[in-house]
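These notes are about the structure you will find just below.
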Amino acid sequence: MVAGPFRSMPDKPTPESRDPMKMNPSLVEELVSTHYAGLYRFALSLSRNEAEAADLTQQTYFQLATRGGQIRDMTKAKSWLFTTMRREFFAMRRQSVRYVAINEREQTLVEAPDDVELETLAKADAELVFEALTQVPEVFRLPLALFYLEDLSYREIAEILEVPVGTVMSRLSRGKSEMRSLLSAAFERGELPLNVVPLRRGIAQ
Amino acid sequence: MTTFEARFILTAVRAGQSDSSDPVVAEALRLAALDPELGEWLDRSTALDAVVSGKLREIVPPADLESSILAGLKVSRQPASRRPASRRPPSRRPLAYFLVAAAALVMIGLVIYSVLPVSPQTSSGSPARESLAEFRSVMLREIGELEELDYSSDDPRDVSAWLDERGATPVLEIPASADGHALVGCKVIHWKGHRVSLVCFSRPGAGGPPGLHLLSIPAEAIKTFDETAASRHVENDWTTTSWREGGFIHVLAARGEHDFSPPRLPLG
């Protein structure tokens, strides 16, 4: 072991240290039942594609099964799942594209008026609202999806996205403004201006 | 706290949730209670959020998704030995085994060759220089293939705290900028059982991947660090400088020619 501020790790996992990385199967199954729907919605907001969202959800749980043993505090399991899903999603992309895309959008997006009417929104179709969410630029869409879909606090969102809380607040503010602007424009035209993503809808009880 | 600041904070919270216990949020809520215009805005914003949230949750996953996930996990847990045995005639197996073994040996040879340090200094026979050269070469390759930072922030305190939480405490005070590059984030790399902190900087407005990288590793990881082997070093397309400070060895790396002299972080 190494003294000092850096803590050492074994060079290669030994047979004894490999098993603890895996999570108890019954616990994995429990976490599947509890979180798969929320993870799928988050995946759908990321990928905007049903098949890819299902695949991303499956892959996230595969990571949980093989590496979830490292989660010591099970109250963090939900954050771990969403963080892992975000990383899995970005791992599919070339980093060069991401750097440019995020930086450019963050610098050029201007705040839009949030003049959507509450009554109109209440009558809107869920698909239309989800469609608006998927059209928000990715850098703002991620915190927005976690805020709306999972009721996560801004601190939990910051933990999942691995950004400072001030950044989360800023992105939520701009993301909400962007989404309301998109909805407002759609309501005015009586349609959404962009392609419709095929979605399966449940019945809200 | 101004009204604008209060709106900024309250955009990120929901009424009645745990966020309300945050002193900053509590202050913003107090202001909203005193300012009718802000209070009205908060009520409307909260109502809109509730409607949007409810609509979005009407989207449900495919009916068979949960079963598919569980089935996939079950299959993944099956040991490899349960796979059906090869039905090839026994007489052909030795040749197949030989070909597979030969291919594996070639692959292992290629991997070992590619991992060997490319610096000519490593052939000088000095263990210290070999060790530093190996670390430097491996890290430069890691940086070259860097796809994603673990943590993105331009705030040195955030970056320092993030690394500290992950056992990769940076002993150097991380600056907001170095050599004309601004701080963009960090990553933890595992090397030979040690956690290496990688702090990255980019030229403002340049876009693309970070251009300047600061690596820090406990000095004992480079067993006999030779000060004379440190300092400025050019390897392939990289210029690096290395120095020991506070029980750590630091390597500053940038693509292209740079004047990293004396070996130290060029602040600003």
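Ordered as shown in the structure tokens, chains take letters A, B, and onward, while each chain numbers its residues from 1 and ligands are numbered from 1 in the order shown.
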
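The neighbours of Leu56 (chain B) here are the residues that come within 7 Å of it, using only C-alpha atoms and leaving out any residue fewer than 5 positions away in the same chain; they are A:Ala126, A:Val129, A:Phe130, A:Leu149.
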
**Study point:** For CA of Glu165 (chain B) and CA of Pro23 (chain B), the interatomic separation in Å (one decimal)
**Key:** 23.4 Å

List every residue of chain B that has an atom at most 6 Å from any atom of chain A, giving for each one its closest atom pair and the distance in Å to one decimal, counting only C-alpha atoms, sorted by chain and then by ascending residue number, as JSON lines.
{"residue": "B:Thr11", "atom": "CA", "partner": "A:Ser173", "partner_atom": "CA", "distance": 5.8}
{"residue": "B:Ala12", "atom": "CA", "partner": "A:Met169", "partner_atom": "CA", "distance": 5.4}
{"residue": "B:Ser53", "atom": "CA", "partner": "A:Tyr148", "partner_atom": "CA", "distance": 4.7}
{"residue": "B:Lys55", "atom": "CA", "partner": "A:Ala126", "partner_atom": "CA", "distance": 4.7}
{"residue": "B:Leu56", "atom": "CA", "partner": "A:Phe130", "partner_atom": "CA", "distance": 5.8}
{"residue": "B:Glu58", "atom": "CA", "partner": "A:Gly202", "partner_atom": "CA", "distance": 5.5}
{"residue": "B:Ile59", "atom": "CA", "partner": "A:Arg201", "partner_atom": "CA", "distance": 4.7}
{"residue": "B:Val60", "atom": "CA", "partner": "A:Gly202", "partner_atom": "CA", "distance": 5.3}
{"residue": "B:Pro61", "atom": "CA", "partner": "A:Ala37", "partner_atom": "CA", "distance": 5.9}
{"residue": "B:Ile69", "atom": "CA", "partner": "A:Gln58", "partner_atom": "CA", "distance": 5.4}
{"residue": "B:Glu147", "atom": "CA", "partner": "A:Gln95", "partner_atom": "CA", "distance": 4.9}
{"residue": "B:Tyr151", "atom": "CA", "partner": "A:Glu162", "partner_atom": "CA", "distance": 5.7}
{"residue": "B:Gly167", "atom": "CA", "partner": "A:Phe6", "partner_atom": "CA", "distance": 5.4}
{"residue": "B:Ala168", "atom": "CA", "partner": "A:Phe6", "partner_atom": "CA", "distance": 5.1}
{"residue": "B:Thr169", "atom": "CA", "partner": "A:Pro5", "partner_atom": "CA", "distance": 5.6}
{"residue": "B:Lys192", "atom": "CA", "partner": "A:Asp11", "partner_atom": "CA", "distance": 5.3}
{"residue": "B:Gly193", "atom": "CA", "partner": "A:Met9", "partner_atom": "CA", "distance": 4.5}
{"residue": "B:His194", "atom": "CA", "partner": "A:Ser8", "partner_atom": "CA", "distance": 4.8}
{"residue": "B:Gly207", "atom": "CA", "partner": "A:Val100", "partner_atom": "CA", "distance": 6.0}
{"residue": "B:Gly208", "atom": "CA", "partner": "A:Tyr99", "partner_atom": "CA", "distance": 5.8}

File dump, residues just selected, all heavy atoms, as a tab-separated table (two decimals), in the first residue's frame:
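result.tsv, freshly written:
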chain	number	residue	atom	x	y	z
B	11	THR	N	-35.59	28.13	-9.98
B	11	THR	CA	-35.86	27.36	-11.20
B	11	THR	C	-35.45	25.90	-11.02
B	11	THR	O	-36.01	25.01	-11.63
B	11	THR	CB	-35.06	27.96	-12.39
B	11	THR	OG1	-35.48	29.31	-12.55
B	11	THR	CG2	-35.32	27.20	-13.67
B	12	ALA	N	-34.47	25.68	-10.14
B	12	ALA	CA	-33.92	24.33	-10.00
B	12	ALA	C	-34.56	23.54	-8.86
B	12	ALA	O	-34.14	22.42	-8.59
B	12	ALA	CB	-32.41	24.43	-9.76
B	53	SER	N	-44.00	17.53	-15.87
B	53	SER	CA	-43.53	16.29	-15.25
B	53	SER	C	-44.56	15.18	-15.40
B	53	SER	O	-44.23	14.04	-15.75
B	53	SER	CB	-43.23	16.57	-13.78
B	53	SER	OG	-42.45	15.56	-13.24
B	55	LYS	N	-46.97	14.91	-17.64
B	55	LYS	CA	-47.12	14.50	-19.05
B	55	LYS	C	-45.98	13.55	-19.45
B	55	LYS	O	-46.21	12.53	-20.11
B	55	LYS	CB	-47.07	15.73	-19.96
B	55	LYS	CG	-48.23	16.69	-19.79
B	55	LYS	CD	-49.47	16.16	-20.48
B	55	LYS	CE	-50.63	17.13	-20.28
B	55	LYS	NZ	-51.89	16.54	-20.73
B	56	LEU	N	-44.77	13.91	-19.05
B	56	LEU	CA	-43.61	13.11	-19.46
B	56	LEU	C	-43.66	11.71	-18.86
B	56	LEU	O	-43.18	10.76	-19.47
B	56	LEU	CB	-42.31	13.81	-19.06
B	56	LEU	CG	-42.00	15.11	-19.80
B	56	LEU	CD1	-40.74	15.77	-19.27
B	56	LEU	CD2	-41.85	14.86	-21.30
B	58	GLU	N	-46.17	9.92	-18.55
B	58	GLU	CA	-47.14	9.06	-19.25
B	58	GLU	C	-46.43	8.16	-20.25
B	58	GLU	O	-47.01	7.19	-20.74
B	58	GLU	CB	-48.17	9.93	-19.97
B	58	GLU	CG	-49.12	10.64	-19.01
B	58	GLU	CD	-50.15	11.46	-19.76
B	58	GLU	OE1	-50.48	11.08	-20.90
B	58	GLU	OE2	-50.59	12.49	-19.23
B	59	ILE	N	-45.21	8.50	-20.59
B	59	ILE	CA	-44.45	7.65	-21.51
B	59	ILE	C	-43.98	6.42	-20.74
B	59	ILE	O	-43.31	6.54	-19.72
B	59	ILE	CB	-43.21	8.40	-22.05
B	59	ILE	CG1	-43.61	9.75	-22.66
B	59	ILE	CG2	-42.44	7.52	-23.04
B	59	ILE	CD1	-44.54	9.64	-23.83
B	60	VAL	N	-44.37	5.25	-21.21
B	60	VAL	CA	-43.98	4.02	-20.51
B	60	VAL	C	-43.06	3.17	-21.40
B	60	VAL	O	-43.12	3.27	-22.63
B	60	VAL	CB	-45.21	3.17	-20.10
B	60	VAL	CG1	-46.05	3.92	-19.11
B	60	VAL	CG2	-46.02	2.77	-21.31
B	61	PRO	N	-42.24	2.36	-20.80
B	61	PRO	CA	-41.31	1.53	-21.57
B	61	PRO	C	-42.06	0.44	-22.33
B	61	PRO	O	-43.22	0.15	-22.03
B	61	PRO	CB	-40.42	0.90	-20.50
B	61	PRO	CG	-40.73	1.58	-19.22
B	61	PRO	CD	-42.08	2.19	-19.36
B	69	ILE	N	-34.62	-7.44	-19.88
B	69	ILE	CA	-33.43	-7.11	-19.07
B	69	ILE	C	-33.09	-8.28	-18.16
B	69	ILE	O	-31.94	-8.73	-18.09
B	69	ILE	CB	-33.70	-5.84	-18.23
B	69	ILE	CG1	-33.82	-4.62	-19.13
B	69	ILE	CG2	-32.58	-5.62	-17.21
B	69	ILE	CD1	-34.34	-3.37	-18.42
B	147	GLU	N	-11.13	10.16	-24.46
B	147	GLU	CA	-12.42	10.39	-25.10
B	147	GLU	C	-13.33	11.26	-24.26
B	147	GLU	O	-14.14	11.99	-24.77
B	147	GLU	CB	-13.11	9.05	-25.38
B	147	GLU	CG	-12.44	8.28	-26.50
B	147	GLU	CD	-13.28	7.13	-26.97
B	147	GLU	OE1	-14.22	6.76	-26.26
B	147	GLU	OE2	-13.00	6.62	-28.06
B	151	TYR	N	-14.68	14.52	-15.10
B	151	TYR	CA	-15.36	15.64	-14.45
B	151	TYR	C	-15.00	16.93	-15.17
B	151	TYR	O	-13.83	17.20	-15.42
B	151	TYR	CB	-14.92	15.72	-12.98
B	151	TYR	CG	-15.59	16.80	-12.18
B	151	TYR	CD1	-16.94	16.71	-11.86
B	151	TYR	CD2	-14.89	17.93	-11.75
B	151	TYR	CE1	-17.57	17.72	-11.14
B	151	TYR	CE2	-15.51	18.93	-11.03
B	151	TYR	CZ	-16.85	18.81	-10.72
B	151	TYR	OH	-17.47	19.79	-10.01
B	167	GLY	N	-9.78	9.88	-4.00
B	167	GLY	CA	-8.49	9.39	-3.54
B	167	GLY	C	-7.34	9.80	-4.43
B	167	GLY	O	-6.28	9.18	-4.41
B	168	ALA	N	-7.54	10.80	-5.25
B	168	ALA	CA	-6.46	11.28	-6.11
B	168	ALA	C	-6.19	12.75	-5.78
B	168	ALA	O	-6.27	13.62	-6.60
B	168	ALA	CB	-6.84	11.12	-7.59
B	169	THR	N	-5.86	12.95	-4.51
B	169	THR	CA	-5.68	14.32	-4.02
B	169	THR	C	-4.53	15.01	-4.75
B	169	THR	O	-3.42	14.51	-4.78
B	169	THR	CB	-5.35	14.29	-2.52
B	169	THR	OG1	-6.36	13.55	-1.86
B	169	THR	CG2	-5.31	15.70	-1.96
B	192	LYS	N	-0.37	0.94	-12.59
B	192	LYS	CA	0.49	0.14	-11.71
B	192	LYS	C	0.04	0.21	-10.26
B	192	LYS	O	0.85	0.35	-9.34
B	192	LYS	CB	1.93	0.63	-11.81
B	192	LYS	CG	2.49	0.59	-13.22
B	192	LYS	CD	3.38	-0.59	-13.41
B	192	LYS	CE	3.94	-0.60	-14.83
B	192	LYS	NZ	4.63	-1.84	-15.14
B	193	GLY	N	-1.26	0.16	-10.04
B	193	GLY	CA	-1.76	0.17	-8.68
B	193	GLY	C	-1.85	1.54	-8.04
B	193	GLY	O	-2.12	1.65	-6.85
B	194	HIS	N	-1.60	2.59	-8.79
B	194	HIS	CA	-1.68	3.95	-8.25
B	194	HIS	C	-2.75	4.74	-8.97
B	194	HIS	O	-3.07	4.46	-10.13
B	194	HIS	CB	-0.33	4.66	-8.42
B	194	HIS	CG	0.79	3.98	-7.72
B	194	HIS	ND1	1.05	4.13	-6.38
B	194	HIS	CD2	1.71	3.09	-8.18
B	194	HIS	CE1	2.08	3.38	-6.04
B	194	HIS	NE2	2.50	2.74	-7.12
B	207	GLY	N	-11.98	25.29	-28.83
B	207	GLY	CA	-12.77	24.09	-29.10
B	207	GLY	C	-11.87	22.88	-29.15
B	207	GLY	O	-10.66	22.98	-28.96
B	208	GLY	N	-12.45	21.72	-29.43
B	208	GLY	CA	-11.66	20.50	-29.53
B	208	GLY	C	-11.20	20.01	-28.17
B	208	GLY	O	-11.53	20.58	-27.14

Point to revise | Selection: 12 Å around Asn24 (chain A), only C-alpha atoms, excl. self and same-chain fewer than 3 positions, as a ChimeraX atom specification | key: /A:19-21,27-31,64-71 /B:73,77

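Residues lying within 9 Å of Ser197 (chain B), counting only C-alpha atoms and ignoring same-chain neighbours fewer than 2 positions away, are Leu163, Ala168, Thr169, Pro170, Cys186, Lys187, Val188, Ile189, His190, Arg195, Val199, Leu214, Leu215, Ser216 and Ile217 of chain B.
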
Filtering to N, CA and C atoms, could you give me those residues as a short mmCIF file (atom, residue, chain, number, x, y, z; two decimals), in the first residue's frame?
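As written to disk, result.cif reads:
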data_model
loop_
_atom_site.label_atom_id
_atom_site.label_comp_id
_atom_site.auth_asym_id
_atom_site.auth_seq_id
_atom_site.Cartn_x
_atom_site.Cartn_y
_atom_site.Cartn_z
N LEU B 163 -11.33 15.39 -7.21
CA LEU B 163 -10.19 14.45 -7.18
C LEU B 163 -9.97 13.93 -5.77
N ALA B 168 -7.54 10.80 -5.25
CA ALA B 168 -6.46 11.28 -6.11
C ALA B 168 -6.19 12.75 -5.78
N THR B 169 -5.86 12.95 -4.51
CA THR B 169 -5.68 14.32 -4.02
C THR B 169 -4.53 15.01 -4.75
N PRO B 170 -4.81 16.13 -5.38
CA PRO B 170 -3.71 16.85 -6.02
C PRO B 170 -2.96 17.68 -4.98
N CYS B 186 -11.00 17.19 -15.23
CA CYS B 186 -9.99 16.24 -14.77
C CYS B 186 -10.45 14.80 -14.98
N LYS B 187 -9.55 13.90 -14.68
CA LYS B 187 -9.81 12.47 -14.83
C LYS B 187 -8.88 11.73 -13.87
N VAL B 188 -9.29 10.56 -13.44
CA VAL B 188 -8.41 9.71 -12.63
C VAL B 188 -8.01 8.52 -13.50
N ILE B 189 -6.71 8.27 -13.57
CA ILE B 189 -6.20 7.13 -14.36
C ILE B 189 -5.53 6.16 -13.40
N HIS B 190 -5.79 4.87 -13.58
CA HIS B 190 -5.13 3.86 -12.75
C HIS B 190 -3.90 3.34 -13.46
N ARG B 195 -3.28 5.72 -8.27
CA ARG B 195 -4.23 6.62 -8.90
C ARG B 195 -3.48 7.86 -9.36
N VAL B 199 -5.25 16.58 -14.81
CA VAL B 199 -5.99 17.84 -14.85
C VAL B 199 -5.77 18.46 -16.22
N LEU B 214 -1.87 18.06 -16.97
CA LEU B 214 -1.01 17.94 -15.80
C LEU B 214 -1.29 16.61 -15.11
N LEU B 215 -0.26 15.76 -15.06
CA LEU B 215 -0.37 14.45 -14.40
C LEU B 215 0.36 14.50 -13.07
N SER B 216 -0.23 13.91 -12.04
CA SER B 216 0.43 13.84 -10.73
C SER B 216 0.31 12.43 -10.20
N ILE B 217 1.43 11.89 -9.74
CA ILE B 217 1.46 10.52 -9.20
C ILE B 217 2.37 10.51 -7.98
#

Review point. So which residues touch Gly211 (chain B) within 9 Å, counting only C-alpha atoms, skipping near sequence neighbours fewer than 4 positions away, as an MDAnalysis selection string?
Key: chainID B and resid 181 200:203 253:255

Just all heavy atoms for this one: save the residues we selected as a short mmCIF file (atom, residue, chain, number, x, y, z; two decimals), in the first residue's frame.
data_model
loop_
_atom_site.label_atom_id
_atom_site.label_comp_id
_atom_site.auth_asym_id
_atom_site.auth_seq_id
_atom_site.Cartn_x
_atom_site.Cartn_y
_atom_site.Cartn_z
N HIS B 181 -3.78 28.44 -21.15
CA HIS B 181 -4.90 27.50 -21.26
C HIS B 181 -5.78 27.62 -20.01
O HIS B 181 -5.25 27.78 -18.90
CB HIS B 181 -4.40 26.06 -21.36
CG HIS B 181 -3.64 25.77 -22.63
ND1 HIS B 181 -2.42 26.34 -22.91
CD2 HIS B 181 -3.94 24.96 -23.68
CE1 HIS B 181 -1.99 25.88 -24.08
NE2 HIS B 181 -2.89 25.05 -24.57
N CYS B 200 -6.87 18.85 -16.89
CA CYS B 200 -6.78 19.28 -18.29
C CYS B 200 -7.13 20.76 -18.46
O CYS B 200 -8.00 21.29 -17.78
CB CYS B 200 -7.72 18.43 -19.15
SG CYS B 200 -7.32 16.69 -19.09
N PHE B 201 -6.44 21.37 -19.42
CA PHE B 201 -6.64 22.78 -19.73
C PHE B 201 -6.82 22.93 -21.25
O PHE B 201 -6.24 22.18 -22.02
CB PHE B 201 -5.42 23.61 -19.30
CG PHE B 201 -5.08 23.49 -17.84
CD1 PHE B 201 -4.32 22.41 -17.37
CD2 PHE B 201 -5.50 24.44 -16.92
CE1 PHE B 201 -4.00 22.30 -16.02
CE2 PHE B 201 -5.17 24.34 -15.57
CZ PHE B 201 -4.42 23.26 -15.12
N SER B 202 -7.64 23.91 -21.65
CA SER B 202 -7.84 24.19 -23.08
C SER B 202 -7.64 25.67 -23.34
O SER B 202 -7.86 26.50 -22.46
CB SER B 202 -9.26 23.82 -23.52
OG SER B 202 -9.36 22.45 -23.74
N ARG B 203 -7.25 25.99 -24.57
CA ARG B 203 -7.17 27.40 -24.94
C ARG B 203 -8.59 27.93 -25.06
O ARG B 203 -9.43 27.33 -25.74
CB ARG B 203 -6.45 27.57 -26.28
CG ARG B 203 -4.96 27.45 -26.15
CD ARG B 203 -4.23 28.17 -27.27
NE ARG B 203 -2.81 27.96 -27.17
CZ ARG B 203 -2.00 28.62 -26.34
NH1 ARG B 203 -2.51 29.53 -25.54
NH2 ARG B 203 -0.72 28.37 -26.30
N ALA B 253 2.22 18.02 -19.89
CA ALA B 253 2.35 17.58 -21.28
C ALA B 253 1.48 18.42 -22.21
O ALA B 253 0.36 18.79 -21.85
CB ALA B 253 1.95 16.10 -21.40
N ALA B 254 2.03 18.73 -23.37
CA ALA B 254 1.26 19.46 -24.39
C ALA B 254 1.74 19.01 -25.76
O ALA B 254 2.91 18.64 -25.93
CB ALA B 254 1.45 20.96 -24.23
N ARG B 255 0.85 19.03 -26.71
CA ARG B 255 1.24 18.66 -28.07
C ARG B 255 2.08 19.77 -28.68
O ARG B 255 1.85 20.95 -28.42
CB ARG B 255 0.00 18.43 -28.93
CG ARG B 255 -0.62 17.07 -28.72
CD ARG B 255 -1.52 16.71 -29.88
NE ARG B 255 -2.29 15.50 -29.61
CZ ARG B 255 -1.84 14.28 -29.84
NH1 ARG B 255 -0.63 14.09 -30.33
NH2 ARG B 255 -2.59 13.23 -29.57
#

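Each of A:Thr120, A:Ser45, A:Thr34, A:Thr84 was checked against Val139 (chain A) using only C-alpha atoms; the smallest atom-to-atom distance is that of A:Ser45.
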
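The space between CA of Gly180 (chain B) and CA of His213 (chain B) spans 12.5 Å.
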
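Across the model, the gap from CA of Pro218 (chain B) to CA of Gly247 (chain B) is 6.2 Å.
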
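Minimum atom-to-atom distance to Glu145 (chain B), evaluated using only C-alpha atoms, belongs to B:Pro209 out of B:His258, B:Ala103, B:Ile9, B:Pro209.
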
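Remark: for Arg14 (chain B), the closest of the candidate residues B:Ala26, B:Ala63, B:Val251, B:Ala176 is B:Ala26 (distances computed over only C-alpha atoms).
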